Amino acid sequence: MNIQISKLQDIEATGDIQLVANGGDLGLYVAGFGRPDMASDPASGFAATLSLHAPAAPTTSLPQSLAIPTLLTVPPLWNLVASGSAPLQVAASQFGGGWNILSVSEFKDSKLAPLYSYKVEDTRRPHFMLNSSSKAASQQFVSAIFSGYQFGLIGLQTQDGQQVPHVSGIVGTSAAPVSAGRIIGDLSSGLPATVSLVYQGAGSGETAPSGGPAGPLSLANYDINNNKLGTPVPLLGGFDIGAFDLAVAGGNLCLFAVTSAGVPIIATYDMTGKLIDGPVTPVGSWLNGGHWAASPTIVPTPGSSGSFSLAFVEMQAQDRVAIQFGTTT
């Protein structure tokens, strides 16, 4: 696996980042947080403002910016998905005190329009389910960590003639918690009977440089109709991982992770968990003493075959010093 990574110039690392691929477009969203209308209305609340940057070529199908409002001073956790001509969708988990709200919206007419929301005592790390089909998704689904330990899936279903959110818990208990995950499946005809999931289980108790939990990653199939989890396959040699993302293309998945020491690693697997290439640790300034990688994000490179585009925030202690962008071949 060959990896070329370089610093994105003139882009300030103000917060978390995410790459979004849509057709031939590739965009990088960078989050900022504050009071967007403080001068005119000091009581207007706060918002995470996501600004679009083009790491390769100018994009035409993605909004230049969007704002996720929140009343409290805690930035929301967010994830984006774009699919053809359909509006870009946003999933956001917002801290609300005793309860959190997981909201799903779509970007229409230059603003976010709510689709549905779900209140629970805790929701963390929302991510749209990855569509393994080359066809557009007929419906988007969101995964999240519910109640602090269970990895589940949420989407709309018909009940009494109305579309209401429905949550399915998949894996994780209070005794064996899951702290992060991604779900993969063919969404061209709705939710498939079987999905694949990559999830982060409980580790040795070591924490990542961000202060969050670190733990080993596993790949497993899940039978939705029979509520049955297949035998998990360890990934990346069972090393504790502090953060990760993955992308799917050509029947394979590319895993971009950050170890509990803050070191980025990349590996490619087939859908059974068999290693195809890697793991590879890209070399750069992020390996210097006191530096580490955060907010890893990866997508299939538009218009390519077997290539992936990735980005991460380079940290020095707790300061964001750069956004690094690269491609695999």
# chains A, B, ... in the order shown; residues from 1 in each chain; ligands from 1

call {"tool": "residues_around", "arguments": {"residues": "Thr73 of chain A", "least_positions_apart": "4", "cutoff": "9 Å", "atoms": "only C-alpha atoms", "output": "PyMOL selection string"}}
result
chain A and resi 33-34+45-47

call {"tool": "closest_atom_pairs", "arguments": {"of": "segment 148-203 of chain A", "to": "segment 226-233 of chain A", "cutoff": "9 Å", "atoms": "only C-alpha atoms", "output": "Markdown table"}}
result
| residue | atom | partner | partner_atom | distance |
| --- | --- | --- | --- | --- |
| A:Gly169 | CA | A:Asn227 | CA | 9.0 |
| A:Ile170 | CA | A:Asn227 | CA | 7.5 |
| A:Val171 | CA | A:Leu229 | CA | 7.5 |
| A:Ala193 | CA | A:Asn226 | CA | 8.9 |

call {"tool": "closest_atom_pairs", "arguments": {"of": "segment 77-196 of chain A", "to": "segment 201-219 of chain A", "cutoff": "8 Å", "atoms": "only C-alpha atoms", "output": "JSON lines"}}
result
{"residue": "A:Ala176", "atom": "CA", "partner": "A:Ala202", "partner_atom": "CA", "distance": 6.4}
{"residue": "A:Pro177", "atom": "CA", "partner": "A:Ala202", "partner_atom": "CA", "distance": 6.0}
{"residue": "A:Val178", "atom": "CA", "partner": "A:Gly201", "partner_atom": "CA", "distance": 4.6}
{"residue": "A:Ser179", "atom": "CA", "partner": "A:Gly201", "partner_atom": "CA", "distance": 6.3}
{"residue": "A:Ala180", "atom": "CA", "partner": "A:Gly201", "partner_atom": "CA", "distance": 7.8}
{"residue": "A:Ser196", "atom": "CA", "partner": "A:Leu219", "partner_atom": "CA", "distance": 7.1}

call {"tool": "write_last_selection", "arguments": {"atoms": "N, CA and C atoms", "output": "PDB file, in the first residue's frame"}}
result
ATOM      1  N   ALA A 176     -19.822  -5.343  29.305  1.00  0.00           N
ATOM      2  CA  ALA A 176     -18.896  -5.405  28.163  1.00  0.00           C
ATOM      3  C   ALA A 176     -19.284  -4.315  27.182  1.00  0.00           C
ATOM      4  N   PRO A 177     -18.946  -3.068  27.498  1.00  0.00           N
ATOM      5  CA  PRO A 177     -19.427  -1.939  26.686  1.00  0.00           C
ATOM      6  C   PRO A 177     -18.728  -1.821  25.345  1.00  0.00           C
ATOM      7  N   VAL A 178     -19.437  -1.209  24.407  1.00  0.00           N
ATOM      8  CA  VAL A 178     -18.887  -0.812  23.118  1.00  0.00           C
ATOM      9  C   VAL A 178     -18.820   0.709  23.112  1.00  0.00           C
ATOM     10  N   SER A 179     -17.689   1.266  22.650  1.00  0.00           N
ATOM     11  CA  SER A 179     -17.542   2.722  22.720  1.00  0.00           C
ATOM     12  C   SER A 179     -17.569   3.402  21.364  1.00  0.00           C
ATOM     13  N   ALA A 180     -17.516   2.641  20.264  1.00  0.00           N
ATOM     14  CA  ALA A 180     -17.597   3.231  18.920  1.00  0.00           C
ATOM     15  C   ALA A 180     -17.857   2.120  17.924  1.00  0.00           C
ATOM     16  N   SER A 196     -22.900  -5.883   8.341  1.00  0.00           N
ATOM     17  CA  SER A 196     -21.584  -6.077   8.941  1.00  0.00           C
ATOM     18  C   SER A 196     -21.289  -4.903   9.857  1.00  0.00           C
TER      19      SER A 196
END

call {"tool": "closest_residue", "arguments": {"among": "A:Trp99, A:Phe128, A:Phe312, A:Tyr269", "to": "Leu187 of chain A", "atoms": "only C-alpha atoms"}}
result
A:Phe128

call {"tool": "residues_around", "arguments": {"residues": "Pro69 of chain A", "least_positions_apart": "3", "cutoff": "10 Å", "atoms": "only C-alpha atoms", "output": "MDAnalysis selection string"}}
result
chainID A and resid 33:36 44:49 66 72 75:76 92 94 112

call {"tool": "closest_atom_pairs", "arguments": {"of": "segment 71-150 of chain A", "to": "segment 14-20 of chain A", "cutoff": "12 Å", "atoms": "only C-alpha atoms", "output": "CSV"}}
result
residue,atom,partner,partner_atom,distance
A:Pro75,CA,A:Gly15,CA,9.5
A:Pro76,CA,A:Asp16,CA,10.4
A:Leu77,CA,A:Asp16,CA,9.0
A:Trp78,CA,A:Asp16,CA,9.0
A:Asn79,CA,A:Gln18,CA,7.5
A:Leu80,CA,A:Val20,CA,7.2
A:Val81,CA,A:Val20,CA,6.9
A:Ala82,CA,A:Val20,CA,7.0
A:Ser83,CA,A:Val20,CA,9.8
A:Gly84,CA,A:Val20,CA,11.8
A:Leu88,CA,A:Val20,CA,9.7
A:Gln89,CA,A:Val20,CA,11.1
A:Val90,CA,A:Val20,CA,11.6
A:His127,CA,A:Gln18,CA,11.1
A:Phe128,CA,A:Val20,CA,11.7

call {"tool": "atom_distance", "arguments": {"atom1": "atom CA of Leu310 of chain A", "atom2": "atom CA of Pro192 of chain A"}}
result
27.7 Å

call {"tool": "residues_around", "arguments": {"residues": "Trp286 of chain A", "least_positions_apart": "5", "cutoff": "9 Å", "atoms": "only C-alpha atoms", "output": "VMD selection string"}}
result
chain A and resid 262 to 264 291 to 293 314 to 316

call {"tool": "write_last_selection", "arguments": {"atoms": "N, CA, C and O atoms", "output": "JSON list (two decimals), in the first residue's frame"}}
result
[["chain", "number", "residue", "atom", "x", "y", "z"],
["A", 262, "GLY", "N", -1.87, 7.38, 19.75],
["A", 262, "GLY", "CA", -2.08, 8.49, 18.83],
["A", 262, "GLY", "C", -1.42, 8.31, 17.48],
["A", 262, "GLY", "O", -1.30, 9.28, 16.72],
["A", 263, "VAL", "N", -1.02, 7.08, 17.14],
["A", 263, "VAL", "CA", -0.33, 6.80, 15.88],
["A", 263, "VAL", "C", -1.34, 6.34, 14.83],
["A", 263, "VAL", "O", -2.11, 5.41, 15.07],
["A", 264, "PRO", "N", -1.39, 6.97, 13.63],
["A", 264, "PRO", "CA", -2.33, 6.54, 12.59],
["A", 264, "PRO", "C", -1.86, 5.26, 11.91],
["A", 264, "PRO", "O", -0.66, 5.09, 11.64],
["A", 291, "HIS", "N", 3.30, 14.85, 19.48],
["A", 291, "HIS", "CA", 2.32, 14.96, 18.41],
["A", 291, "HIS", "C", 1.50, 13.67, 18.32],
["A", 291, "HIS", "O", 1.97, 12.60, 18.68],
["A", 292, "TRP", "N", 0.28, 13.79, 17.83],
["A", 292, "TRP", "CA", -0.57, 12.62, 17.65],
["A", 292, "TRP", "C", -1.69, 12.95, 16.67],
["A", 292, "TRP", "O", -1.88, 14.11, 16.30],
["A", 293, "ALA", "N", -2.38, 11.93, 16.19],
["A", 293, "ALA", "CA", -3.43, 12.10, 15.20],
["A", 293, "ALA", "C", -4.80, 12.04, 15.85],
["A", 293, "ALA", "O", -5.02, 11.26, 16.78],
["A", 314, "GLU", "N", -3.68, 16.84, 12.91],
["A", 314, "GLU", "CA", -2.43, 16.64, 13.65],
["A", 314, "GLU", "C", -2.48, 17.49, 14.91],
["A", 314, "GLU", "O", -2.72, 18.69, 14.86],
["A", 315, "MET", "N", -2.22, 16.84, 16.05],
["A", 315, "MET", "CA", -2.26, 17.50, 17.34],
["A", 315, "MET", "C", -0.85, 17.62, 17.91],
["A", 315, "MET", "O", 0.01, 16.75, 17.67],
["A", 316, "GLN", "N", -0.61, 18.68, 18.67],
["A", 316, "GLN", "CA", 0.59, 18.81, 19.48],
["A", 316, "GLN", "C", 0.12, 19.08, 20.89],
["A", 316, "GLN", "O", -0.44, 20.15, 21.16]]

call {"tool": "residues_around", "arguments": {"residues": "Gly278 of chain A", "least_positions_apart": "2", "cutoff": "7 Å", "atoms": "only C-alpha atoms", "output": "list in words"}}
result
Met1, Ile266, Ala267, Thr268 and Val280 of chain A

call {"tool": "atom_distance", "arguments": {"atom1": "atom CA of Ala322 of chain A", "atom2": "atom CA of Ala294 of chain A"}}
result
10.5 Å

call {"tool": "closest_residue", "arguments": {"among": "A:Leu253, A:Val74, A:Ile183, A:Ile68", "to": "Pro114 of chain A", "atoms": "only C-alpha atoms"}}
result
A:Ile68

call {"tool": "atom_distance", "arguments": {"atom1": "atom CA of Pro63 of chain A", "atom2": "atom CA of Tyr118 of chain A"}}
result
25.3 Å

call {"tool": "residues_around", "arguments": {"residues": "Ala249 of chain A", "least_positions_apart": "3", "cutoff": "7 Å", "atoms": "only C-alpha atoms", "output": "ChimeraX atom specification"}}
result
/A:252-253,300,306

call {"tool": "write_last_selection", "arguments": {"atoms": "N, CA and C atoms", "output": "JSON list (two decimals), in the first residue's frame"}}
result
[["chain", "number", "residue", "atom", "x", "y", "z"],
["A", 252, "ASN", "N", -14.35, -4.47, -0.51],
["A", 252, "ASN", "CA", -13.34, -4.44, 0.56],
["A", 252, "ASN", "C", -13.58, -3.22, 1.44],
["A", 253, "LEU", "N", -13.02, -3.27, 2.64],
["A", 253, "LEU", "CA", -13.10, -2.12, 3.52],
["A", 253, "LEU", "C", -11.70, -1.67, 3.88],
["A", 300, "PRO", "N", -13.85, 6.42, -0.18],
["A", 300, "PRO", "CA", -13.32, 6.03, -1.49],
["A", 300, "PRO", "C", -13.04, 7.28, -2.32],
["A", 306, "GLY", "N", -10.20, 1.44, -6.31],
["A", 306, "GLY", "CA", -9.36, 0.89, -5.26],
["A", 306, "GLY", "C", -8.56, 1.90, -4.49]]

call {"tool": "decode", "arguments": {"residues": "segment 259-287 of chain A", "atoms": "N, CA, C and O atoms", "output": "CSV table (one decimal), in the first residue's frame"}}
result
chain,number,residue,atom,x,y,z
A,259,THR,N,-4.1,4.6,17.0
A,259,THR,CA,-3.8,3.7,18.2
A,259,THR,C,-4.0,4.5,19.5
A,259,THR,O,-4.1,5.7,19.5
A,260,SER,N,-3.9,3.8,20.6
A,260,SER,CA,-4.0,4.4,21.9
A,260,SER,C,-2.9,5.4,22.2
A,260,SER,O,-2.9,6.2,23.1
A,261,ALA,N,-1.8,5.2,21.4
A,261,ALA,CA,-0.7,6.2,21.5
A,261,ALA,C,-0.8,7.3,20.6
A,261,ALA,O,0.1,8.2,20.5
A,262,GLY,N,-1.9,7.4,19.7
A,262,GLY,CA,-2.1,8.5,18.8
A,262,GLY,C,-1.4,8.3,17.5
A,262,GLY,O,-1.3,9.3,16.7
A,263,VAL,N,-1.0,7.1,17.1
A,263,VAL,CA,-0.3,6.8,15.9
A,263,VAL,C,-1.3,6.3,14.8
A,263,VAL,O,-2.1,5.4,15.1
A,264,PRO,N,-1.4,7.0,13.6
A,264,PRO,CA,-2.3,6.5,12.6
A,264,PRO,C,-1.9,5.3,11.9
A,264,PRO,O,-0.7,5.1,11.6
A,265,ILE,N,-2.8,4.4,11.6
A,265,ILE,CA,-2.5,3.1,10.9
A,265,ILE,C,-3.6,2.9,9.9
A,265,ILE,O,-4.8,3.2,10.2
A,266,ILE,N,-3.3,2.2,8.8
A,266,ILE,CA,-4.2,2.0,7.7
A,266,ILE,C,-4.1,0.5,7.3
A,266,ILE,O,-3.0,0.0,7.1
A,267,ALA,N,-5.2,-0.2,7.1
A,267,ALA,CA,-5.2,-1.6,6.6
A,267,ALA,C,-6.5,-1.8,5.8
A,267,ALA,O,-7.5,-1.2,6.0
A,268,THR,N,-6.4,-2.7,4.8
A,268,THR,CA,-7.5,-3.1,4.0
A,268,THR,C,-7.8,-4.6,4.3
A,268,THR,O,-7.0,-5.4,4.4
A,269,TYR,N,-9.2,-4.8,4.4
A,269,TYR,CA,-9.7,-6.2,4.7
A,269,TYR,C,-10.8,-6.5,3.7
A,269,TYR,O,-11.4,-5.6,3.1
A,270,ASP,N,-11.0,-7.8,3.5
A,270,ASP,CA,-12.2,-8.2,2.8
A,270,ASP,C,-13.4,-8.2,3.8
A,270,ASP,O,-13.2,-8.0,5.0
A,271,MET,N,-14.6,-8.5,3.4
A,271,MET,CA,-15.7,-8.4,4.3
A,271,MET,C,-15.8,-9.5,5.3
A,271,MET,O,-16.7,-9.5,6.1
A,272,THR,N,-14.9,-10.5,5.2
A,272,THR,CA,-14.9,-11.5,6.2
A,272,THR,C,-13.8,-11.2,7.3
A,272,THR,O,-13.7,-12.0,8.3
A,273,GLY,N,-13.1,-10.1,7.1
A,273,GLY,CA,-12.0,-9.8,8.1
A,273,GLY,C,-10.7,-10.3,7.7
A,273,GLY,O,-9.7,-10.2,8.5
A,274,LYS,N,-10.5,-10.9,6.5
A,274,LYS,CA,-9.2,-11.3,6.0
A,274,LYS,C,-8.4,-10.1,5.6
A,274,LYS,O,-8.8,-9.3,4.8
A,275,LEU,N,-7.2,-10.0,6.1
A,275,LEU,CA,-6.3,-8.9,5.8
A,275,LEU,C,-5.8,-9.0,4.4
A,275,LEU,O,-5.3,-10.0,3.9
A,276,ILE,N,-6.0,-7.9,3.6
A,276,ILE,CA,-5.5,-7.8,2.2
A,276,ILE,C,-4.2,-7.0,2.1
A,276,ILE,O,-3.3,-7.4,1.4
A,277,ASP,N,-4.1,-5.9,2.8
A,277,ASP,CA,-2.9,-5.1,2.7
A,277,ASP,C,-2.8,-4.3,4.0
A,277,ASP,O,-3.7,-3.8,4.6
A,278,GLY,N,-1.5,-4.1,4.5
A,278,GLY,CA,-1.2,-3.4,5.7
A,278,GLY,C,-1.1,-4.3,6.9
A,278,GLY,O,-0.9,-5.5,6.7
A,279,PRO,N,-1.1,-3.8,8.1
A,279,PRO,CA,-1.3,-2.4,8.4
A,279,PRO,C,0.0,-1.6,8.1
A,279,PRO,O,1.1,-2.0,8.2
A,280,VAL,N,-0.3,-0.3,7.7
A,280,VAL,CA,0.8,0.6,7.4
A,280,VAL,C,0.7,1.8,8.3
A,280,VAL,O,-0.4,2.4,8.5
A,281,THR,N,1.8,2.3,8.8
A,281,THR,CA,1.9,3.5,9.6
A,281,THR,C,2.5,4.6,8.7
A,281,THR,O,3.7,4.5,8.4
A,282,PRO,N,1.8,5.6,8.3
A,282,PRO,CA,2.4,6.7,7.5
A,282,PRO,C,3.3,7.5,8.3
A,282,PRO,O,3.1,7.8,9.5
A,283,VAL,N,4.5,7.9,7.7
A,283,VAL,CA,5.5,8.6,8.5
A,283,VAL,C,5.4,10.1,8.2
A,283,VAL,O,5.1,10.5,7.1
A,284,GLY,N,5.5,10.9,9.2
A,284,GLY,CA,5.4,12.4,9.1
A,284,GLY,C,5.6,13.1,10.4
A,284,GLY,O,5.9,12.4,11.4
A,285,SER,N,5.3,14.4,10.4
A,285,SER,CA,5.5,15.2,11.7
A,285,SER,C,4.6,14.7,12.8
A,285,SER,O,4.9,15.0,14.0
A,286,TRP,N,3.5,14.1,12.5
A,286,TRP,CA,2.6,13.6,13.5
A,286,TRP,C,3.2,12.5,14.4
A,286,TRP,O,2.6,12.1,15.4
A,287,LEU,N,4.3,12.0,14.0
A,287,LEU,CA,5.0,10.9,14.8
A,287,LEU,C,6.0,11.6,15.7
A,287,LEU,O,6.7,10.9,16.5
